[in-house]
$ cat my_file.cif   # mmCIF, C-alpha atoms and all ligand atoms
data_final
loop_
_atom_site.label_atom_id
_atom_site.label_comp_id
_atom_site.auth_asym_id
_atom_site.auth_seq_id
_atom_site.Cartn_x
_atom_site.Cartn_y
_atom_site.Cartn_z
CA MET A 124 19.86 14.64 -12.52
CA THR A 125 20.93 12.25 -15.27
CA ALA A 126 20.84 8.58 -14.36
CA ALA A 127 24.14 6.69 -14.37
CA ALA A 128 24.62 4.21 -17.23
CA GLY A 129 22.45 1.17 -16.58
CA ALA A 130 20.56 2.89 -13.80
CA VAL A 131 16.78 2.85 -13.97
CA THR A 132 14.47 5.09 -11.96
CA ALA A 133 10.84 4.22 -11.28
CA PHE A 134 8.02 6.02 -9.50
CA ALA A 135 5.06 4.40 -7.76
CA GLY A 136 2.20 6.13 -6.01
CA THR A 137 1.06 4.59 -2.77
CA ASN A 138 -2.38 3.03 -2.60
CA ILE A 139 -5.04 3.09 0.07
CA ALA A 140 -7.09 -0.05 0.60
CA LEU A 141 -10.86 0.40 0.67
CA VAL A 142 -11.28 -3.33 1.32
CA LYS A 143 -8.37 -4.21 3.55
CA TYR A 144 -5.79 -6.97 3.37
CA TRP A 145 -5.13 -8.23 6.89
CA GLY A 146 -3.79 -11.78 7.13
CA LYS A 147 -1.73 -14.23 5.08
CA ARG A 148 -2.36 -17.75 3.80
CA ASP A 149 1.40 -18.29 3.34
CA ALA A 150 3.96 -16.15 5.12
CA ALA A 151 6.99 -17.35 3.15
CA LEU A 152 5.46 -16.46 -0.22
CA ASN A 153 3.57 -13.51 1.29
CA LEU A 154 0.23 -14.78 0.01
CA PRO A 155 -2.83 -12.92 1.28
CA ALA A 156 -5.57 -14.80 3.12
CA THR A 157 -8.19 -12.76 1.22
CA GLY A 158 -8.45 -10.41 -1.73
CA SER A 159 -8.35 -6.64 -1.25
CA LEU A 160 -9.29 -3.52 -3.19
CA SER A 161 -7.59 -0.14 -3.31
CA LEU A 162 -7.11 3.24 -4.94
CA THR A 163 -3.65 4.16 -6.26
CA LEU A 164 -2.75 7.78 -5.59
CA ASP A 165 -0.99 10.35 -7.76
CA ARG A 166 1.26 11.50 -4.93
CA LEU A 167 2.59 10.24 -1.60
CA GLY A 168 4.70 7.79 -3.57
CA THR A 169 8.23 6.51 -3.85
CA ARG A 170 10.93 7.25 -6.41
CA THR A 171 13.59 4.55 -6.61
CA THR A 172 16.76 4.18 -8.70
CA VAL A 173 18.46 0.82 -9.11
CA HIS A 174 21.85 0.18 -10.66
CA PHE A 175 23.38 -3.30 -10.77
CA ASP A 176 27.13 -3.58 -10.66
CA GLY A 177 27.32 -5.48 -13.95
CA ASP A 178 30.72 -7.13 -13.52
CA GLY A 179 29.99 -8.43 -10.07
CA GLY A 180 33.13 -6.62 -8.96
CA GLY A 181 31.87 -6.30 -5.42
CA GLY A 182 33.52 -9.62 -4.61
CA ALA A 183 32.43 -12.22 -2.12
CA GLY A 184 30.65 -10.77 0.86
CA ALA A 185 29.73 -7.53 -0.91
CA THR A 186 26.24 -6.32 -0.05
CA ASP A 187 23.62 -4.28 -1.81
CA ARG A 188 23.85 -0.60 -0.91
CA ILE A 189 20.53 0.98 -0.05
CA VAL A 190 20.13 4.68 0.60
CA MET A 191 16.70 5.82 1.83
CA ASN A 192 15.87 9.50 1.93
CA GLY A 193 19.58 10.33 1.88
CA ALA A 194 20.71 7.97 4.67
CA PRO A 195 21.91 4.34 4.58
CA ALA A 196 19.04 1.92 5.26
CA ASP A 197 19.07 0.01 8.56
CA ALA A 198 20.02 -3.69 8.67
CA ALA A 199 16.43 -5.00 8.68
CA THR A 200 15.43 -2.92 5.65
CA THR A 201 18.63 -3.86 3.82
CA ALA A 202 17.95 -7.56 4.46
CA ARG A 203 14.35 -7.24 3.18
CA VAL A 204 15.47 -5.38 0.04
CA THR A 205 18.35 -7.80 -0.61
CA ALA A 206 15.99 -10.80 -0.34
CA PHE A 207 13.78 -9.10 -2.92
CA LEU A 208 16.72 -8.29 -5.22
CA ASP A 209 17.90 -11.91 -4.95
CA ARG A 210 14.63 -12.95 -6.62
CA VAL A 211 15.23 -10.42 -9.41
CA ARG A 212 18.82 -11.63 -9.85
CA ALA A 213 17.64 -15.26 -10.01
CA HIS A 214 14.98 -14.34 -12.59
CA ALA A 215 17.42 -12.33 -14.72
CA GLY A 216 19.96 -15.17 -14.84
CA SER A 217 22.96 -14.30 -16.98
CA ARG A 218 21.64 -10.81 -17.78
CA VAL A 219 22.94 -9.79 -14.40
CA GLY A 220 25.43 -11.99 -12.56
CA SER A 221 24.29 -13.66 -9.36
CA THR A 222 27.12 -11.84 -7.57
CA ALA A 223 26.18 -8.44 -8.97
CA ARG A 224 25.29 -6.10 -6.16
CA ALA A 225 22.80 -3.28 -6.52
CA PHE A 226 22.99 0.36 -5.61
CA VAL A 227 19.49 1.48 -4.65
CA THR A 228 18.49 5.03 -3.82
CA THR A 229 14.94 5.67 -2.77
CA GLU A 230 13.01 8.79 -1.80
CA ASN A 231 9.60 8.79 -0.18
CA GLY A 232 7.20 11.58 -1.03
CA VAL A 233 6.18 11.95 2.61
CA PRO A 234 8.43 12.33 5.66
CA THR A 235 9.47 8.85 6.82
CA ALA A 236 8.67 9.53 10.47
CA SER A 237 5.11 10.57 9.64
CA GLY A 238 3.98 6.95 9.66
CA LEU A 239 2.65 7.31 6.13
CA ALA A 240 5.71 6.09 4.26
CA SER A 241 4.35 2.91 2.84
CA SER A 242 5.94 -0.32 1.75
CA ALA A 243 3.23 -0.34 -0.94
CA SER A 244 4.82 2.31 -3.15
CA GLY A 245 8.33 1.27 -2.05
CA PHE A 246 8.21 -2.31 -3.28
CA ALA A 247 6.19 -1.40 -6.39
CA ALA A 248 8.83 1.15 -7.44
CA LEU A 249 11.62 -1.30 -6.55
CA ALA A 250 10.00 -4.10 -8.60
CA VAL A 251 9.79 -1.87 -11.68
CA ALA A 252 13.24 -0.27 -11.34
CA ALA A 253 15.10 -3.47 -10.38
CA THR A 254 13.64 -5.67 -13.13
CA ARG A 255 14.31 -3.08 -15.81
CA ALA A 256 17.83 -2.42 -14.50
CA ALA A 257 18.39 -6.19 -14.69
CA GLY A 258 17.35 -6.18 -18.36
CA LEU A 259 13.93 -7.77 -17.78
CA GLU A 260 10.65 -6.55 -19.32
CA LEU A 261 7.95 -8.19 -17.20
CA PRO A 262 4.25 -7.80 -17.98
CA PRO A 263 2.28 -5.95 -15.29
CA ASP A 264 0.70 -9.06 -13.77
CA GLU A 265 4.15 -10.60 -13.24
CA LEU A 266 5.43 -7.33 -11.79
CA SER A 267 2.47 -7.43 -9.44
CA VAL A 268 3.33 -10.98 -8.29
CA LEU A 269 6.95 -9.88 -7.77
CA ALA A 270 5.99 -6.73 -5.86
CA ARG A 271 3.71 -8.85 -3.63
CA LEU A 272 6.72 -10.88 -2.53
CA GLY A 273 8.14 -7.64 -1.10
CA SER A 274 4.90 -6.43 0.47
CA GLY A 275 1.32 -7.54 -0.12
CA SER A 276 -0.06 -4.05 -0.66
CA ALA A 277 2.72 -3.28 -3.19
CA ALA A 278 1.13 -5.68 -5.69
CA ARG A 279 -1.70 -3.15 -6.06
CA SER A 280 0.49 -0.08 -6.75
CA ILE A 281 1.70 -1.64 -10.01
CA PHE A 282 -1.66 -0.52 -11.43
CA GLY A 283 -3.38 2.86 -11.42
CA GLY A 284 -6.81 3.89 -10.19
CA PHE A 285 -9.08 1.33 -8.54
CA VAL A 286 -7.34 -2.02 -8.25
CA GLU A 287 -8.36 -5.44 -6.98
CA MET A 288 -5.84 -7.85 -5.53
CA ALA A 289 -6.70 -11.53 -5.89
CA ARG A 290 -6.18 -13.96 -3.03
CA GLY A 291 -5.28 -16.59 -5.62
CA GLN A 292 -5.69 -20.34 -5.24
CA ARG A 293 -2.33 -21.75 -6.29
CA ALA A 294 0.18 -22.83 -3.69
CA ASP A 295 3.03 -21.10 -5.57
CA GLY A 296 1.22 -17.74 -5.55
CA SER A 297 1.44 -17.25 -9.32
CA ASP A 298 -2.25 -16.22 -9.39
CA ALA A 299 -2.02 -13.87 -6.38
CA ALA A 300 -1.73 -10.69 -8.42
CA ALA A 301 -3.59 -7.42 -8.69
CA ARG A 302 -5.55 -6.15 -11.70
CA PRO A 303 -7.02 -2.78 -12.58
CA LEU A 304 -10.78 -2.50 -12.11
CA ALA A 305 -12.77 -1.22 -15.04
CA GLY A 306 -15.35 1.47 -14.37
CA GLY A 307 -13.44 3.77 -12.06
CA GLU A 308 -11.42 5.59 -14.75
CA GLY A 309 -11.84 9.34 -14.64
CA TRP A 310 -13.98 9.24 -11.51
CA ASP A 311 -13.19 12.52 -9.81
CA VAL A 312 -12.62 11.41 -6.24
CA ARG A 313 -10.02 12.59 -3.73
CA LEU A 314 -8.37 11.14 -0.67
CA VAL A 315 -7.71 13.62 2.12
CA VAL A 316 -5.18 12.31 4.63
CA ALA A 317 -5.42 13.71 8.16
CA VAL A 318 -2.00 13.20 9.72
CA THR A 319 -2.66 12.82 13.43
CA THR A 320 -0.33 13.33 16.35
CA VAL A 321 2.66 11.05 15.92
CA GLY A 322 2.76 8.66 18.87
CA PRO A 323 4.97 5.68 19.62
CA LYS A 324 5.95 3.73 16.51
CA PRO A 325 3.05 1.34 15.80
CA MET A 326 3.59 -2.36 15.23
CA GLY A 327 4.35 -3.02 11.57
CA SER A 328 1.63 -4.60 9.42
CA THR A 329 3.46 -7.90 8.90
CA ALA A 330 3.88 -8.62 12.61
CA ALA A 331 0.48 -7.21 13.52
CA MET A 332 -1.48 -9.32 11.04
CA GLU A 333 0.39 -12.42 12.14
CA HIS A 334 -0.38 -11.61 15.79
CA THR A 335 -4.05 -10.98 14.93
CA ALA A 336 -4.32 -14.31 13.08
CA ARG A 337 -2.74 -16.17 16.00
CA THR A 338 -4.55 -14.57 18.94
CA SER A 339 -7.70 -12.70 17.90
CA PRO A 340 -11.01 -14.53 18.32
CA TYR A 341 -12.39 -12.15 15.69
CA TYR A 342 -9.88 -13.08 12.97
CA ALA A 343 -12.05 -15.84 11.45
CA ALA A 344 -15.05 -13.50 11.37
CA TRP A 345 -12.90 -10.83 9.72
CA LEU A 346 -11.82 -13.23 6.97
CA ALA A 347 -15.39 -14.45 6.44
CA GLY A 348 -16.66 -10.96 5.57
CA VAL A 349 -14.08 -9.87 3.00
CA ASP A 350 -15.56 -11.49 -0.12
CA ILE A 351 -18.90 -9.80 0.55
CA ASP A 352 -17.13 -6.44 0.85
CA LEU A 353 -15.16 -7.05 -2.34
CA ALA A 354 -18.33 -7.82 -4.28
CA ALA A 355 -20.10 -4.73 -2.93
CA ALA A 356 -17.09 -2.48 -3.66
CA ARG A 357 -16.84 -3.75 -7.25
CA VAL A 358 -20.51 -2.95 -7.86
CA ALA A 359 -20.15 0.51 -6.26
CA ILE A 360 -17.12 1.38 -8.40
CA ALA A 361 -18.79 0.21 -11.62
CA ALA A 362 -21.80 2.41 -10.73
CA ARG A 363 -19.60 5.29 -9.46
CA ASP A 364 -21.66 5.21 -6.31
CA LEU A 365 -19.51 6.97 -3.71
CA PRO A 366 -21.84 6.46 -0.71
CA ALA A 367 -22.08 2.72 -1.47
CA LEU A 368 -18.28 2.47 -1.76
CA GLY A 369 -17.81 4.56 1.36
CA VAL A 370 -20.04 2.30 3.46
CA VAL A 371 -17.91 -0.70 2.45
CA ALA A 372 -14.64 1.15 3.07
CA GLU A 373 -15.66 2.21 6.58
CA ARG A 374 -16.88 -1.19 7.66
CA SER A 375 -13.83 -2.94 6.20
CA ALA A 376 -11.46 -0.62 8.10
CA LEU A 377 -13.43 -0.87 11.35
CA ARG A 378 -13.63 -4.65 11.17
CA MET A 379 -9.91 -4.95 10.46
CA HIS A 380 -9.15 -2.73 13.46
CA ALA A 381 -11.70 -4.58 15.61
CA ALA A 382 -9.93 -7.87 14.85
CA ALA A 383 -6.56 -6.31 15.73
CA MET A 384 -7.93 -4.72 18.92
CA ALA A 385 -9.28 -8.10 20.01
CA ALA A 386 -5.83 -9.70 19.67
CA ASP A 387 -4.02 -10.70 22.86
CA PRO A 388 -2.31 -8.43 23.76
CA ALA A 389 -4.36 -5.85 21.89
CA ILE A 390 -3.08 -3.92 18.90
CA ILE A 391 -4.48 -0.41 19.06
CA TYR A 392 -3.37 1.93 16.28
CA TRP A 393 -5.67 4.81 17.15
CA ASN A 394 -4.95 7.88 19.21
CA PRO A 395 -7.45 10.49 20.43
CA ALA A 396 -7.06 12.51 17.23
CA THR A 397 -7.93 9.41 15.17
CA LEU A 398 -11.32 9.20 16.88
CA ALA A 399 -11.84 12.96 16.68
CA ALA A 400 -11.15 12.81 12.92
CA LEU A 401 -13.65 9.96 12.54
CA ALA A 402 -16.23 12.07 14.36
CA CYS A 403 -15.44 14.98 12.03
CA VAL A 404 -16.05 12.82 8.94
CA ARG A 405 -19.34 11.59 10.37
CA ALA A 406 -20.40 15.15 11.24
CA LEU A 407 -19.62 16.32 7.69
CA ARG A 408 -21.76 13.50 6.42
CA GLU A 409 -24.64 14.51 8.64
CA ARG A 410 -24.38 17.94 7.02
CA GLY A 411 -24.91 16.26 3.65
CA LEU A 412 -21.32 15.86 2.39
CA PRO A 413 -20.57 12.40 0.99
CA VAL A 414 -17.27 11.71 2.76
CA PHE A 415 -16.08 8.39 4.20
CA PHE A 416 -13.06 7.33 6.23
CA THR A 417 -10.55 4.52 6.23
CA ILE A 418 -7.62 3.87 8.59
CA ASP A 419 -4.52 1.73 7.97
CA ALA A 420 -1.98 0.28 10.40
CA GLY A 421 -1.38 3.62 12.04
CA PRO A 422 -3.26 6.55 13.62
CA HIS A 423 -3.94 8.62 10.49
CA VAL A 424 -7.40 9.01 8.97
CA LYS A 425 -7.95 8.99 5.22
CA ALA A 426 -11.16 10.55 3.94
CA LEU A 427 -12.62 9.61 0.56
CA CYS A 428 -14.76 12.29 -1.07
CA ARG A 429 -15.59 14.01 -4.37
CA ALA A 430 -13.00 16.44 -5.80
CA ALA A 431 -15.47 19.30 -5.38
CA HIS A 432 -15.63 18.69 -1.60
CA ALA A 433 -11.92 18.01 -0.98
CA ASP A 434 -11.04 21.53 0.17
CA GLU A 435 -13.91 21.67 2.64
CA VAL A 436 -13.04 18.22 3.98
CA ALA A 437 -9.36 19.19 4.33
CA VAL A 438 -10.18 22.44 6.15
CA SER A 439 -12.54 20.64 8.53
CA LEU A 440 -10.06 17.85 9.28
CA ALA A 441 -7.18 20.32 9.75
CA ALA A 442 -9.22 22.01 12.50
CA VAL A 443 -9.59 18.77 14.49
CA PRO A 444 -7.50 18.87 17.69
CA GLY A 445 -4.45 16.64 17.23
CA VAL A 446 -4.49 16.73 13.45
CA VAL A 447 -1.04 17.98 12.46
CA LYS A 448 -1.73 18.54 8.79
CA THR A 449 -3.71 17.27 5.83
CA LEU A 450 -2.56 16.04 2.43
CA THR A 451 -4.89 15.66 -0.54
CA ALA A 452 -4.26 13.15 -3.31
CA ALA A 453 -6.12 12.20 -6.49
CA PRO A 454 -6.25 8.83 -8.26
CA GLY A 455 -2.96 8.21 -10.04
CA PRO A 456 -1.37 5.89 -12.58
CA GLY A 457 0.48 2.66 -11.87
CA ALA A 458 4.19 2.24 -11.17
CA ARG A 459 6.36 3.23 -14.10
CA VAL A 460 9.90 3.85 -15.30
CA VAL A 461 10.63 7.59 -15.29
CA GLU A 462 14.32 7.60 -16.23
CA GLY A 463 16.71 5.12 -17.88
CA GLY A 464 15.69 1.71 -19.15
CA GLY A 465 14.56 3.20 -22.44
CA ALA A 466 11.96 5.46 -20.74
C1 LIG B 1 -3.51 -2.06 6.81
O1 LIG B 1 1.23 -4.77 2.63
O2 LIG B 1 2.27 -3.57 4.59
O3 LIG B 1 -2.36 -1.24 4.92
O4 LIG B 1 2.52 -7.86 3.04
O5 LIG B 1 3.31 -7.91 5.39
O6 LIG B 1 4.21 -6.18 3.80
P1 LIG B 1 3.03 -7.06 4.20
O7 LIG B 1 1.89 -6.07 4.69
P2 LIG B 1 1.40 -4.67 4.09
O8 LIG B 1 -0.03 -4.57 4.81
C2 LIG B 1 -0.96 -3.59 4.49
C3 LIG B 1 -2.00 -3.53 5.55
C4 LIG B 1 -2.98 -2.40 5.43
C5 LIG B 1 -4.18 -2.80 4.57
C6 LIG B 1 -3.98 -2.81 3.08
O9 LIG B 1 -3.16 -2.03 2.55
O10 LIG B 1 -4.69 -3.59 2.43
#

$ encode --input "my_file.cif" --output "structure tokens" --more "lines below"
Ligand code: DP6
Amino acid sequence: MTAAAGAVTAFAGTNIALVKYWGKRDAALNLPATGSLSLTLDRLGTRTTVHFDGDGGGGAGATDRIVMNGAPADAATTARVTAFLDRVRAHAGSRVGSTARAFVTTENGVPTASGLASSASGFAALAVAATRAAGLELPPDELSVLARLGSGSAARSIFGGFVEMARGQRADGSDAAARPLAGGEGWDVRLVVAVTTVGPKPMGSTAAMEHTARTSPYYAAWLAGVDIDLAAARVAIAARDLPALGVVAERSALRMHAAAMAADPAIIYWNPATLAALACVRALRERGLPVFFTIDAGPHVKALCRAAHADEVAVSLAAVPGVVKTLTAAPGPGARVVEGGGA
């Protein structure tokens, strides 16, 4: 399909955190309480097209139009996207009028109801498409800061491969950006996602991390361990030491979930298939396969392994009771314009 005049389409792969982000130092600016570290994937991403109505002809009261996977977005999503676009409009100044409304169409590479559709790839693709459609050419670190304002994990999907997100020190958040980590390029790893039985909709990350910070006695302990994990993960990536990286990834995920489980009331993302998939990963490891798990704010299990072992890992996880299907992804590039905007 050819993009409409002025329309820009961007693609961003999602990313999976190996050292998790779970907590904010400033909710309004969406500043993380700690750094985090992730792997950007080549698939399971979001493709987003943005077109600003250049003459502002929408008139007073006109709203941005957001279509997600072929259907109009709900009110909460529209409000979150509009707040994000308002920042882009403010930044673009006269390039795009403050009354110009946007038409945004976005497609997720995984079924929305699967619980895998991530705000990470969504806001990274939106940051790239919206700025370019508004006539801005931001450097990647500024795109990362912008994407973070939409969703903390999105800051990381601006870059490809292994990425570290900085907590930053400044109150305005201008130094809370991600950067690509040297050393991981070309490392032939895979991430096998075991999609487990879809249960009740889990609590979203934003609300859950806020609830954890407010009520979990383990939150302070969680925060205190992250810098040690970041340092160990950096060393493991530079040395391409998968077992060393895997140990950090597992303990970071388990500690994040432990902090959430200790909240009051508890936040439990796991279902029986989640635990069965963890046991499967550990059993594969006992058989000599270097494979390690991580779990995000949902019941699915993501297994990190070498490319040569990905098929065996996927077959084993697919046989776990309650696992609906598996998806395998490789490291991928950062968010980019794929149509329009001079691409
Ligand atoms: C468990 O980035 O979705 O995936 O900044 O509030 O939008 P907001 O949160 P979000 O949280 C991600 C949580 C996580 C861990 C991670 O990706 O680091």

$ atom_distance --input "my_file.cif" --atom1 "CA of Arg429 (chain A)" --atom2 "CA of Arg313 (chain A)"
5.8 Å

$ residues_around --input "my_file.cif" --residues "Leu266 (chain A)" --least-positions-apart "3" --cutoff "8 Å" --atoms "all atoms listed in the file" --output "PyMOL selection string"
chain A and resi 250-251+261-263+269-270+278+281

$ residues_around --input "my_file.cif" --residues "region 159-162 of chain A" --least-positions-apart "5" --cutoff "6 Å" --atoms "all atoms listed in the file" --output "list in words"
Asn138, Ile139, Ala140, Leu141, Val142, Lys143, Tyr144, Gly284, Phe285, Val286, Glu287 and Met288 of chain A

$ axis_aligned_box --input "my_file.cif" --around "region 288-295 of chain A" --padding-each-side "6 Å" --output "JSON"
{"center_x": -1.8, "center_y": -15.3, "center_z": -4.7, "size_x": 21.7, "size_y": 27.0, "size_z": 15.3}

$ closest_atom_pairs --input "my_file.cif" --of "chain A" --to "ligand LIG 1 (chain B)" --cutoff "7 Å" --atoms "all atoms listed in the file" --output "CSV"
residue,atom,partner,partner_atom,distance
A:Ile139,CA,B:LIG1,O9,6.0
A:Ala140,CA,B:LIG1,O10,4.7
A:Val142,CA,B:LIG1,O10,6.7
A:Lys143,CA,B:LIG1,O10,3.9
A:Tyr144,CA,B:LIG1,O10,3.7
A:Trp145,CA,B:LIG1,C3,5.8
A:Asn153,CA,B:LIG1,O4,6.0
A:Ser159,CA,B:LIG1,O10,6.0
A:Ser242,CA,B:LIG1,O2,5.7
A:Ala243,CA,B:LIG1,O1,6.0
A:Arg271,CA,B:LIG1,O4,6.8
A:Gly273,CA,B:LIG1,O6,6.4
A:Ser274,CA,B:LIG1,O6,3.4
A:Gly275,CA,B:LIG1,O4,3.4
A:Ser276,CA,B:LIG1,O1,3.6
A:Ala277,CA,B:LIG1,O1,6.2
A:Ser328,CA,B:LIG1,O8,4.9
A:Thr329,CA,B:LIG1,O5,3.5
A:Asp419,CA,B:LIG1,C1,4.1
A:Ala420,CA,B:LIG1,C1,4.6
